[in-house]
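Single-structure report; data block below.
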Amino acid sequence: MNPARNLILVGPTGAGKTHLGPPLAAHFGLRLLDLDAAVEADTGMRVAALFEREGEAGFRAREHAMLHALLEDGDIVLVTGGGAVLDPRNRERMRTRGFVVHLQATPAQQLARLQGDRSRPLLARADRASVLEAMARVRTPLYAEVADLAFDTGRFDAGDAATGLINALEPLWKRNGVPA
Ligand SMILES: Nc1ncnc2c1ncn2[C@@H]1O[C@H](COP(=O)(O)OP(=O)(O)OP(=O)(O)O)[C@@H](O)[C@H]1O
Ligand SMILES: O=C(O)C1=C[C@@H](O)[C@@H](O)[C@H](O)C1
Ligand SMILES: [Mg+2]
């Protein structure tokens with residue numbers, strides 16, 4: 001963690017980063033930035049289309065450059081993509097530029113939440129459960145490595161997860177003297 005007044009949300013696909021970013025930003029008076037959305041705005045292409053045209057490696061290079069740039073700012077909530085922690089340079093940048101929250105969800109919860117979703121290219125296959133489990137094996141330690149706080153979203157419904165997270169963050173946010 002560092003004194004930059006930024007909140008950074010990490011966690012697996014479907015953990016609720018995009019869902020929880022807006023209420024967090026509103027509550028703490030921070031500006032909301034979404035890494036996937038920023039890459040899409042920059043390229044004029046959807047993430048799925050970028051994966052098709054440039055492959056995962058092309059997307060990851062853009063994701064890395066955008067993460068670096070967005071964290072130049074302060075007073076932001078940065079919603080990252082599920083795979084942003086894969087690049088060690090990204091993990092270092094996150095650790096040194098904000099308070100990192102690991103939103104946790106199990107593969108079973110992810111599967112249920114993303115049922116019917118067609119926007120995640122890495123899940124565009126029949127064996128979603130095993131893909132999510134394989135991702136969790138690789139990525140869970142990386143989320144844990146960067147996290148200042150782990151928050152189990154599975155204990156909440158979609159409607160009250162934001163309140164739960166704000167309640168968990170309030171005392172830490174104050175104790176660490178993060179706000180200006
Ligand atoms: N307890 C919960 N906390 C957060 N979101 C939940 C919860 N229960 C259900 N959801 C739902 O899960 C869905 C997926 O969440 P979201 O799109 O925010 O995931 P994400 O972490 O941004 O994933 P990605 O990394 O793929 O962008 C949303 O429709 C959200 O409403
Ligand atoms: O889990 C992942 O690797 C991804 C999650 C999304 O946020 C997007 O960044 C993209 O679909 C890749
Ligand atoms: Mg998202």
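Ligands are numbered from 1 in the order shown, chains are lettered A, B, ... in the order of the structure tokens, and residues start at 1 in each chain.
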Could you build a table of the residues in chain A lying no more than 9 Å from ligand 3, giving for each the nearest pair of atoms and their separation in Å rounded to one decimal place, using only C-alpha atoms and all ligand atoms, ordered by chain and ascending residue number, as JSON lines?
```
{"residue": "A:Thr13", "atom": "CA", "partner": "ligand 3", "partner_atom_place_in_ligand_line": "1 (Mg)", "distance": 6.8}
{"residue": "A:Gly14", "atom": "CA", "partner": "ligand 3", "partner_atom_place_in_ligand_line": "1 (Mg)", "distance": 7.0}
{"residue": "A:Ala15", "atom": "CA", "partner": "ligand 3", "partner_atom_place_in_ligand_line": "1 (Mg)", "distance": 8.2}
{"residue": "A:Gly16", "atom": "CA", "partner": "ligand 3", "partner_atom_place_in_ligand_line": "1 (Mg)", "distance": 6.9}
{"residue": "A:Lys17", "atom": "CA", "partner": "ligand 3", "partner_atom_place_in_ligand_line": "1 (Mg)", "distance": 5.4}
{"residue": "A:Thr18", "atom": "CA", "partner": "ligand 3", "partner_atom_place_in_ligand_line": "1 (Mg)", "distance": 4.2}
{"residue": "A:His19", "atom": "CA", "partner": "ligand 3", "partner_atom_place_in_ligand_line": "1 (Mg)", "distance": 7.3}
{"residue": "A:Asp34", "atom": "CA", "partner": "ligand 3", "partner_atom_place_in_ligand_line": "1 (Mg)", "distance": 7.7}
{"residue": "A:Leu35", "atom": "CA", "partner": "ligand 3", "partner_atom_place_in_ligand_line": "1 (Mg)", "distance": 8.5}
{"residue": "A:Asp36", "atom": "CA", "partner": "ligand 3", "partner_atom_place_in_ligand_line": "1 (Mg)", "distance": 7.1}
{"residue": "A:Ala37", "atom": "CA", "partner": "ligand 3", "partner_atom_place_in_ligand_line": "1 (Mg)", "distance": 8.7}
{"residue": "A:Val79", "atom": "CA", "partner": "ligand 3", "partner_atom_place_in_ligand_line": "1 (Mg)", "distance": 7.0}
{"residue": "A:Thr80", "atom": "CA", "partner": "ligand 3", "partner_atom_place_in_ligand_line": "1 (Mg)", "distance": 7.0}
{"residue": "A:Gly81", "atom": "CA", "partner": "ligand 3", "partner_atom_place_in_ligand_line": "1 (Mg)", "distance": 5.8}
{"residue": "A:Gly82", "atom": "CA", "partner": "ligand 3", "partner_atom_place_in_ligand_line": "1 (Mg)", "distance": 7.3}
```
For Ala162 in chain A, please output as a list in words all residues within 8 Å (counting only C-alpha atoms; exclusion window: fewer than 5 positions along the same chain).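 That gives Leu20, Pro23 and Leu24 of chain A.
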Include C-alpha atoms and write out the residues we just selected as an mmCIF file, in the first residue's frame.
```cif
data_model
loop_
_atom_site.group_PDB
_atom_site.id
_atom_site.type_symbol
_atom_site.label_atom_id
_atom_site.label_comp_id
_atom_site.auth_asym_id
_atom_site.auth_seq_id
_atom_site.Cartn_x
_atom_site.Cartn_y
_atom_site.Cartn_z
ATOM 1 C CA LEU A 20 -18.854 -2.460 -7.083
ATOM 2 C CA PRO A 23 -20.834 2.759 -5.431
ATOM 3 C CA LEU A 24 -17.317 2.784 -3.952
#
```
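Considering the residues A:Thr43, A:Ser119, A:Thr140, A:Thr153 and counting only C-alpha atoms and all ligand atoms, ligand 1 has its shortest atom-to-atom contact with A:Thr153.
With distances taken over only C-alpha atoms and all ligand atoms, A:Arg155 is the one residue among A:His64, A:Arg95, A:Arg155, A:Arg46 lying closest to ligand 1.
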Which of range 1-131 of chain A end up as helix (DSSP H, G or I) when DSSP is run on this backbone - answer as a VMD selection string? chain A and resid 17 to 28 35 to 43 47 to 70 84 to 86 88 to 97 107 to 113 121 to 123 128 to 131
Check the smallest atom-to-atom distance from each of A:Ala158, A:Ala129, A:Val39, A:Leu142 to ligand 2 using only C-alpha atoms and all ligand atoms, then report the winner. A:Val39
12 Å contact set for range 54-61 of chain A, only C-alpha atoms, chain neighbours under 4 positions out, as a PyMOL selection string: chain A and resi 35-36+39-40+42-43+45-50+65-68+81-90+120-122
Please give the complete set of residues from range 96-145 of chain A that DSSP, run on the backbone, assigns to strand (DSSP E), formatted as a PyMOL selection string. chain A and resi 99-104
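Taking only C-alpha atoms into account, Tyr143 in chain A lies nearest to A:Val100 out of the set A:Val100, A:Ala38, A:Val77, A:Ala69.
Candidate residues A:Phe151, A:Phe99, A:Phe28, A:Phe156 were compared for distance to ligand 1, and the nearest is A:Phe156, using only C-alpha atoms and all ligand atoms.
The closest residue to ligand 2, picked from A:Asp75, A:Thr106, A:Leu123, A:Ser130 and counting only C-alpha atoms and all ligand atoms, is A:Leu123.
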Could you pull the residues within 12 Å of Glu72 in chain A, counting only C-alpha atoms, minus those fewer than 5 positions along the same chain, as a list in words? Ala4, Arg5, Asn6, Ala65, Met66, Leu67, Leu78, Arg93, Met94, Thr96, Arg97 and Gly98 of chain A
Could you work out how far CA of Arg62 in chain A lies from atom 30 (C, counted along the ligand's line) of ligand 1, giving the answer in Å with one decimal?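 Interatomic distance, atom 30 (C, counted along the ligand's line) of ligand 1 to CA of Arg62 in chain A: 25.4 Å.
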